[in-house]
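Visitor: First the structure, then my questions, so here it is.
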4 protein chains.
Amino acid sequence: MLIRLGYDIEFNIPQPVAVVALLNVHPSREQDLREPDELRVEPAVRADTYIDHLGNKCTRFLAPQGKLRLWNSTLIQDSAERDPVNYQARQHPVEELPVHNLTYLMNSRYCEVDRMSNIATELFGNTAPGWGRVQAIVNWIHSRVQFGYQHARATRTALDVYTERVGVCRDFQHLAITFCRCMHIPARYATGYLGDIGVPPSPAPMDFSAWFEVYLDGKWWTFDARHNEPRVGRVLMATGRDAGDVAMTTSFGMAELAKFSVVTNEVHDVAPFQNPQSYAVA
Amino acid sequence: MLIRLGYDIEFNIPQPVAVVALLNVHPSREQDLREPDELRVEPAVRADTYIDHLGNKCTRFLAPQGKLRLWNSTLIQDSAERDPVNYQARQHPVEELPVHNLTYLMNSRYCEVDRMSNIATELFGNTAPGWGRVQAIVNWIHSRVQFGYQHARATRTALDVYTERVGVCRDFQHLAITFCRCMHIPARYATGYLGDIGVPPSPAPMDFSAWFEVYLDGKWWTFDARHNEPRVGRVLMATGRDAGDVAMTTSFGMAELAKFSVVTNEVHDVAPFQNPQSYAVA
Amino acid sequence: MLIRLGYDIEFNIPQPVAVVALLNVHPSREQDLREPDELRVEPAVRADTYIDHLGNKCTRFLAPQGKLRLWNSTLIQDSAERDPVNYQARQHPVEELPVHNLTYLMNSRYCEVDRMSNIATELFGNTAPGWGRVQAIVNWIHSRVQFGYQHARATRTALDVYTERVGVCRDFQHLAITFCRCMHIPARYATGYLGDIGVPPSPAPMDFSAWFEVYLDGKWWTFDARHNEPRVGRVLMATGRDAGDVAMTTSFGMAELAKFSVVTNEVHDVAPFQNPQSYAVA
Amino acid sequence: MLIRLGYDIEFNIPQPVAVVALLNVHPSREQDLREPDELRVEPAVRADTYIDHLGNKCTRFLAPQGKLRLWNSTLIQDSAERDPVNYQARQHPVEELPVHNLTYLMNSRYCEVDRMSNIATELFGNTAPGWGRVQAIVNWIHSRVQFGYQHARATRTALDVYTERVGVCRDFQHLAITFCRCMHIPARYATGYLGDIGVPPSPAPMDFSAWFEVYLDGKWWTFDARHNEPRVGRVLMATGRDAGDVAMTTSFGMAELAKFSVVTNEVHDVAPFQNPQSYAVA
């Protein structure tokens, strides 16, 4: 399957400001690209591209005053397979985990493992370790937290999600990640493209999406506490301890979002190059 | 100058539990060691030693049920110089920072950069960038937060320190780190040994200490919002985004602290090997 | 001046639920009414009307399953004078305050006096006691907090307003009340009607409004940290320690808001009785 | 049974400060007094005594600079009966509650009913309404929260108790009160004397104690989530929405506690007047 990916984002920049963007496909998916995956910055700037300590591709530049546009359009080959499910995947004892996964058991900005351990143990302490425990966590959250874009709030933590029971994508994943860590299952935040492929089209405008990964039986597996069903066509952009590590853009000063659109569609006849203006919306 | 370093820590372990310890001298100081620096675990266990992604030396093992003792005694050469002071050290624009220092501008578990930016700007926005700004932050905290061991609380964040105005070492540094990051100065948490060398002896039992580092003018510099004076004899053990990254020990399950002592003294005549029992206290 | 007041509110009630409504004009304004001020409940229910311990007129009833409509239309005489300003109003020492005003110096749900005292003292400790101090508080908030309906959040406290610097009416007043209490000035939350009388009409739909009162020089005075200008035509409905005491409606179970409109207009030729359907909007 | 009650409290007052004290026996127990119940203030000051809007006896005065001593010794007749237990006590529907009890269903400073409703419903939604539901709440808290004076923290809320699972008297009661309110049972905080009568003597120094009351079947009943057993010899001093309403002393400025002792002992031969110095401890 081929998937057309892209975005078109504009900011108003009142004065020059440094920006870090995580707007490339994750290095683990570069082999699948069928067109270049290049973050285009207008006006043109000198940019530093690097891989951060979490393995994500980042771009850092100084945005001049005025309108800033970040856009891209690329094409990727995808397996067309749903997220794998493996109820036999076993949970590693902490003493046997690869040592570099231990960081994904710890507290992070939006995931208060220390404050939620007792709660997690009460809710999930009786489930069998491994895949089923993660699925129990995801089921619990999926059935009790209500999704709504109007509930978006940048400072909401996992504990807030637990008390408020409302949120957007990231909130569902933060709570799931926190519960998994409390149960000693390494869990990390994932962000990327997730189109309406194989599911009824959503009336909401396309956006980037968030899900999470857990480390079981020797590898990382995809879970999604918001959708709670295996999906086709996830294209990973970045992973981190939580949303704080993988913001699409971080500006070190004022930057007012003026326009935002994302494309992620299955394509059959591939045009040689798609003009991104064609999908940009005001 | 030679400094005798060591610790003797005991836990009661009700059932086998995985432990991660950061109880070695930092790799950057290994060249100064004059005796082996070895974490001794009793009873003997199989342990994995590794350098984490932040550059710290870590040990991971499974502690069996019963009494667990962690101890060490080593000797290190120290310059006997005070923490350097450089009022000319300039602040890098974010777009010129080494990219791997950008993580030290972000939110972390105990440092809510997002919630404290407006406050920091009001308090320190008029100071000149660079060393003087960091010093202004440290002065502010040092004069307004009251130290007291009775105020220790594992979940206190920088915002809590700002509202409560009490705390222990780590709290002073968390608030300073957060303010620095809000002002776009990379700041990281540091932990290690700091004895009463060149200062009147403290009546409190020796403990590990916390300070922080900022990145100015091409390198990391030591600041200490608790003591707010250049000191002699800091021996670094670990650095991280905040205390959550560099806990001396993290146990993934119950472990009750039963005994805790730390040694860090200037020594003149070096005995061949000091029996750590001699300084262990109940 | 005559002001037409009214509201038309509808809820969907999935199962019978007890409701407390504070939807009458405050007893202190009853003398000014020119038409009856009666909360109309559809379908008709048995209701208990009472004055709560804060002096507000309340109605408590059991709402049956189905559609619940609460509406009213009344007419009130108003002085047409702006909120009084008195820079000479002095601040009472706490030991001379009427004892029943002491409760308005204390912590309440949304006003964390204990957590914000140090901050208030730093910001306002050098202002002269009395009216000017309150005005300094109001100026500070008015110039630093950004109003926006999209920022509404029922659980936001004064400390949250202080860190986030965004909010709706109630948030501005909560922060002002908290700062006043920290400075030992009794302050209470006020809610009622505030139409666009004597000011340019607002494009936003009419809503109830919030302001606050402080006790200086022997009486309560009106301040408004959102608008920060003396206004004409405030009609008080209720006062309390904070918004938690004076919710327009509190339902002890599910009640989904389906329709909400408020009227508060100066009228010149008074029709004998206005049919509220005429101003109800979907 | 006769109980000797008293206290001896000293503060250092750096500069004159207004103080409100709630240090009398509750008006509902005045009929049981066998000696005068008089708050003695040294040095002598002019004081205002009043009943606050919650029904508690309060004293307000200006403490001069220097040492402030508050003391009292009185004698009260007590029934010697344990706290009553009535598993048949039914829960009132909210629409049938006495209207002045509705305030005890609402949010207060330390009791975040809004944030804890979903949690309470999950934990206790399946219990039968009435006494058994309160007992289920008390059992849950008693078995899961650990008591310890070292855990005292003035700003800890019910949600903090729920996540931290540690606390002192007041913390146990705050969580219980919050859960009861979430389940629509009026609950209020109570403070007073509770000696070791009919129970093994505690090694801890005597202190005032906190418990809580719920309104069931037409009256208020005593519960105690810390001790969770019917006790003899409670002497009520004050009730309120939470600890914020009934602080023993509130000072509007600095007052450093220098000495604190409480007496509450069953007595058999009553001396005509007991010199309080005899029980004052340093």
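Each chain in the structure tokens gets a letter, A, B and so on, in the order shown; residues start at 1 in every chain, and ligands are counted from 1 in the order they appear.
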Set the cut-off to 12 Å and count only C-alpha atoms: what are the residues of chain D that reach chain B? Output as a PyMOL selection string.
Guide: chain D and resi 149-156+160+163-164+166
Visitor: Print the selection's residues with C-alpha atoms to a file, as an mmCIF file, in the first residue's frame.
Guide:
data_model
loop_
_atom_site.group_PDB
_atom_site.id
_atom_site.type_symbol
_atom_site.label_atom_id
_atom_site.label_comp_id
_atom_site.auth_asym_id
_atom_site.auth_seq_id
_atom_site.Cartn_x
_atom_site.Cartn_y
_atom_site.Cartn_z
ATOM 1 C CA TYR D 149 3.085 12.295 62.145
ATOM 2 C CA GLN D 150 6.069 12.675 59.821
ATOM 3 C CA HIS D 151 3.601 12.866 56.934
ATOM 4 C CA ALA D 152 1.869 16.040 58.180
ATOM 5 C CA ARG D 153 1.525 18.677 55.455
ATOM 6 C CA ALA D 154 -0.764 21.662 55.680
ATOM 7 C CA THR D 155 -1.592 21.838 51.977
ATOM 8 C CA ARG D 156 -2.422 18.155 51.407
ATOM 9 C CA ASP D 160 -3.258 14.030 47.533
ATOM 10 C CA THR D 163 -2.521 9.279 45.612
ATOM 11 C CA GLU D 164 0.030 9.353 48.456
ATOM 12 C CA VAL D 166 -0.138 8.579 53.917
#
Visitor: DSSP on the backbone: which residues in region 28-85 of chain B end up as helix (DSSP H, G or I)? Give the answer as an MDAnalysis selection string.
Guide: chainID B and resid 28:32
Visitor: Write a file of the selected residues as a compact mmCIF listing (two decimals), in the first residue's frame, keeping N, CA and C atoms.
Guide:
# COMPACT_ATOMS: atom_id res chain seq x y z
N SER B 28 33.25 11.09 34.14
CA SER B 28 34.16 12.22 33.91
C SER B 28 35.18 12.37 35.04
N ARG B 29 34.97 11.72 36.18
CA ARG B 29 35.92 11.82 37.29
C ARG B 29 36.72 10.53 37.50
N GLU B 30 36.51 9.52 36.65
CA GLU B 30 37.19 8.24 36.89
C GLU B 30 38.70 8.39 36.85
N GLN B 31 39.18 9.32 36.03
CA GLN B 31 40.64 9.51 35.90
C GLN B 31 41.26 9.98 37.21
N ASP B 32 40.44 10.54 38.11
CA ASP B 32 40.98 11.07 39.36
C ASP B 32 40.98 10.05 40.50
Visitor: Which residues come within 9 Å of Thr191 (chain C), counting only C-alpha atoms, excluding same-chain residues fewer than 3 positions away, as an MDAnalysis selection string?
Guide: chainID C and resid 170 208:212 235:240 243 246:248
Visitor: For Asn24 (chain C), list every protein, DNA or RNA residue within 7 Å, evaluated using only C-alpha atoms, and leave out those in the same chain fewer than 4 positions away; present the list as an NGL selection string.
Guide: :C and (37 or 39 or 57 or 237)
Visitor: Which neighbours of Val232 (chain A) fall inside 7 Å, counting only C-alpha atoms, when residues of the same chain fewer than 3 positions from it are skipped, and could you give them as a PyMOL selection string?
Guide: chain A and resi 80-83+197-198
Visitor: Would you list the contacts of region 110-115 of chain A as a JSON list (two decimals) with all heavy atoms, in the first residue's frame, taking every protein, DNA or RNA residue within 7 Å and counting only C-alpha atoms, but skipping same-chain residues closer than 6 positions in sequence?
Guide:
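Produced file out18.json, reproduced below:
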[["chain", "number", "residue", "atom", "x", "y", "z"],
["A", 157, "THR", "N", -1.91, 16.27, 32.87],
["A", 157, "THR", "CA", -1.06, 15.11, 33.14],
["A", 157, "THR", "C", -1.92, 13.85, 33.23],
["A", 157, "THR", "O", -3.15, 13.91, 33.23],
["A", 157, "THR", "CB", -0.32, 15.29, 34.48],
["A", 157, "THR", "OG1", -1.30, 15.25, 35.53],
["A", 157, "THR", "CG2", 0.43, 16.61, 34.54],
["A", 158, "ALA", "N", -1.23, 12.72, 33.36],
["A", 158, "ALA", "CA", -1.95, 11.45, 33.50],
["A", 158, "ALA", "C", -2.90, 11.48, 34.68],
["A", 158, "ALA", "O", -4.04, 11.00, 34.59],
["A", 158, "ALA", "CB", -0.94, 10.31, 33.64],
["A", 159, "LEU", "N", -2.47, 12.04, 35.79],
["A", 159, "LEU", "CA", -3.35, 12.11, 36.96],
["A", 159, "LEU", "C", -4.57, 12.97, 36.66],
["A", 159, "LEU", "O", -5.69, 12.65, 37.09],
["A", 159, "LEU", "CB", -2.59, 12.65, 38.18],
["A", 159, "LEU", "CG", -3.40, 12.80, 39.46],
["A", 159, "LEU", "CD1", -4.04, 11.49, 39.91],
["A", 159, "LEU", "CD2", -2.54, 13.38, 40.58],
["A", 174, "HIS", "N", -1.10, 9.06, 27.61],
["A", 174, "HIS", "CA", -0.35, 9.37, 28.84],
["A", 174, "HIS", "C", -0.84, 8.54, 30.02],
["A", 174, "HIS", "O", -0.04, 8.06, 30.83],
["A", 174, "HIS", "CB", -0.46, 10.87, 29.17],
["A", 174, "HIS", "CG", 0.46, 11.73, 28.37],
["A", 174, "HIS", "ND1", 0.22, 13.06, 28.13],
["A", 174, "HIS", "CD2", 1.64, 11.45, 27.74],
["A", 174, "HIS", "CE1", 1.20, 13.55, 27.38],
["A", 174, "HIS", "NE2", 2.06, 12.61, 27.14],
["A", 178, "THR", "N", 1.42, 5.64, 31.87],
["A", 178, "THR", "CA", 1.68, 5.73, 33.30],
["A", 178, "THR", "C", 1.27, 4.44, 34.01],
["A", 178, "THR", "O", 2.02, 3.90, 34.84],
["A", 178, "THR", "CB", 0.94, 6.94, 33.90],
["A", 178, "THR", "OG1", 1.30, 8.10, 33.15],
["A", 178, "THR", "CG2", 1.31, 7.16, 35.36],
["A", 181, "ARG", "N", 3.82, 1.72, 33.20],
["A", 181, "ARG", "CA", 5.07, 1.88, 33.97],
["A", 181, "ARG", "C", 4.86, 1.49, 35.44],
["A", 181, "ARG", "O", 5.73, 0.86, 36.04],
["A", 181, "ARG", "CB", 5.55, 3.33, 33.88],
["A", 181, "ARG", "CG", 6.04, 3.70, 32.49],
["A", 181, "ARG", "CD", 6.55, 5.15, 32.44],
["A", 181, "ARG", "NE", 6.82, 5.54, 31.06],
["A", 181, "ARG", "CZ", 7.05, 6.79, 30.66],
["A", 181, "ARG", "NH1", 7.07, 7.78, 31.55],
["A", 181, "ARG", "NH2", 7.29, 7.06, 29.39],
["A", 182, "CYS", "N", 3.73, 1.87, 36.01],
["A", 182, "CYS", "CA", 3.44, 1.49, 37.40],
["A", 182, "CYS", "C", 3.47, -0.03, 37.54],
["A", 182, "CYS", "O", 3.83, -0.55, 38.60],
["A", 182, "CYS", "CB", 2.07, 2.00, 37.83],
["A", 182, "CYS", "SG", 1.97, 3.79, 38.05],
["A", 242, "ASP", "N", 7.15, 10.97, 26.86],
["A", 242, "ASP", "CA", 5.77, 11.45, 26.78],
["A", 242, "ASP", "C", 5.72, 12.58, 25.77],
["A", 242, "ASP", "O", 6.71, 12.86, 25.08],
["A", 242, "ASP", "CB", 5.23, 11.86, 28.16],
["A", 242, "ASP", "CG", 6.00, 12.98, 28.81],
["A", 242, "ASP", "OD1", 6.54, 13.86, 28.10],
["A", 242, "ASP", "OD2", 6.07, 13.00, 30.05],
["D", 163, "THR", "N", -3.69, 9.74, 46.39],
["D", 163, "THR", "CA", -2.52, 9.28, 45.61],
["D", 163, "THR", "C", -1.36, 8.89, 46.52],
["D", 163, "THR", "O", -0.65, 7.94, 46.22],
["D", 163, "THR", "CB", -2.03, 10.35, 44.61],
["D", 163, "THR", "OG1", -1.65, 11.53, 45.31],
["D", 163, "THR", "CG2", -3.12, 10.70, 43.60],
["D", 164, "GLU", "N", -1.15, 9.60, 47.62],
["D", 164, "GLU", "CA", 0.03, 9.35, 48.46],
["D", 164, "GLU", "C", -0.18, 8.24, 49.48],
["D", 164, "GLU", "O", 0.78, 7.62, 49.93],
["D", 164, "GLU", "CB", 0.45, 10.65, 49.17],
["D", 164, "GLU", "CG", 0.75, 11.79, 48.20],
["D", 164, "GLU", "CD", 1.07, 13.10, 48.91],
["D", 164, "GLU", "OE1", 1.31, 13.09, 50.13],
["D", 164, "GLU", "OE2", 1.07, 14.14, 48.23]]
Visitor: With a distance cut-off of 12 Å and only C-alpha atoms, select the neighbouring residues of region 100-103 of chain B, excluding the residue or stretch itself and same-chain residues fewer than 6 positions from it, and output the selection as a PyMOL selection string.
Guide: (chain A and resi 18-21+48-55+58-60+240+244-247+250-252) or (chain B and resi 53-54+92-94+113+181+184-188+213-216+218-220+240-242)
Visitor: Quick check, in Å to one decimal: how far apart do CA of Arg4 (chain A) and CA of Leu75 (chain A) lie?
Guide: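 Distance reported for this atom pair: 4.6 Å.
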Visitor: Could you state the separation of CA of Tyr7 (chain B) and CA of Val99 (chain A) in Å, given to one decimal place?
Guide: 24.4 Å
Visitor: In Å, with one decimal, what is the gap from CA of Gly6 (chain B) to CA of Ala258 (chain B)?
Guide: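 Atom-to-atom, CA of Gly6 (chain B) and CA of Ala258 (chain B) are spaced 17.2 Å apart.
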Visitor: Could you find all residues in region 123-184 of chain A that DSSP calls strand (DSSP E or B) from the backbone, and write them as a list in words?
Guide: Gln146, Phe147, Val166 and Gly167 of chain A
Visitor: For the residues in the current selection, export N, CA, C and O atoms as a PDB file, in the first residue's frame.
Guide:
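Wrote it out as part_18.pdb, contents follow:
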ATOM      1  N   GLN A 146     -13.528  10.093  27.969  1.00  0.00           N
ATOM      2  CA  GLN A 146     -14.321  10.566  26.841  1.00  0.00           C
ATOM      3  C   GLN A 146     -13.464  11.465  25.957  1.00  0.00           C
ATOM      4  O   GLN A 146     -12.850  12.422  26.431  1.00  0.00           O
ATOM      5  N   PHE A 147     -13.431  11.153  24.657  1.00  0.00           N
ATOM      6  CA  PHE A 147     -12.643  11.940  23.723  1.00  0.00           C
ATOM      7  C   PHE A 147     -13.378  13.217  23.332  1.00  0.00           C
ATOM      8  O   PHE A 147     -14.588  13.200  23.127  1.00  0.00           O
ATOM      9  N   VAL A 166     -11.659  13.030  30.641  1.00  0.00           N
ATOM     10  CA  VAL A 166     -11.842  13.581  29.303  1.00  0.00           C
ATOM     11  C   VAL A 166     -10.460  13.877  28.727  1.00  0.00           C
ATOM     12  O   VAL A 166      -9.487  14.017  29.476  1.00  0.00           O
ATOM     13  N   GLY A 167     -10.389  13.992  27.401  1.00  0.00           N
ATOM     14  CA  GLY A 167      -9.110  14.344  26.814  1.00  0.00           C
ATOM     15  C   GLY A 167      -9.062  14.124  25.327  1.00  0.00           C
ATOM     16  O   GLY A 167     -10.054  13.758  24.693  1.00  0.00           O
TER      17      GLY A 167
END
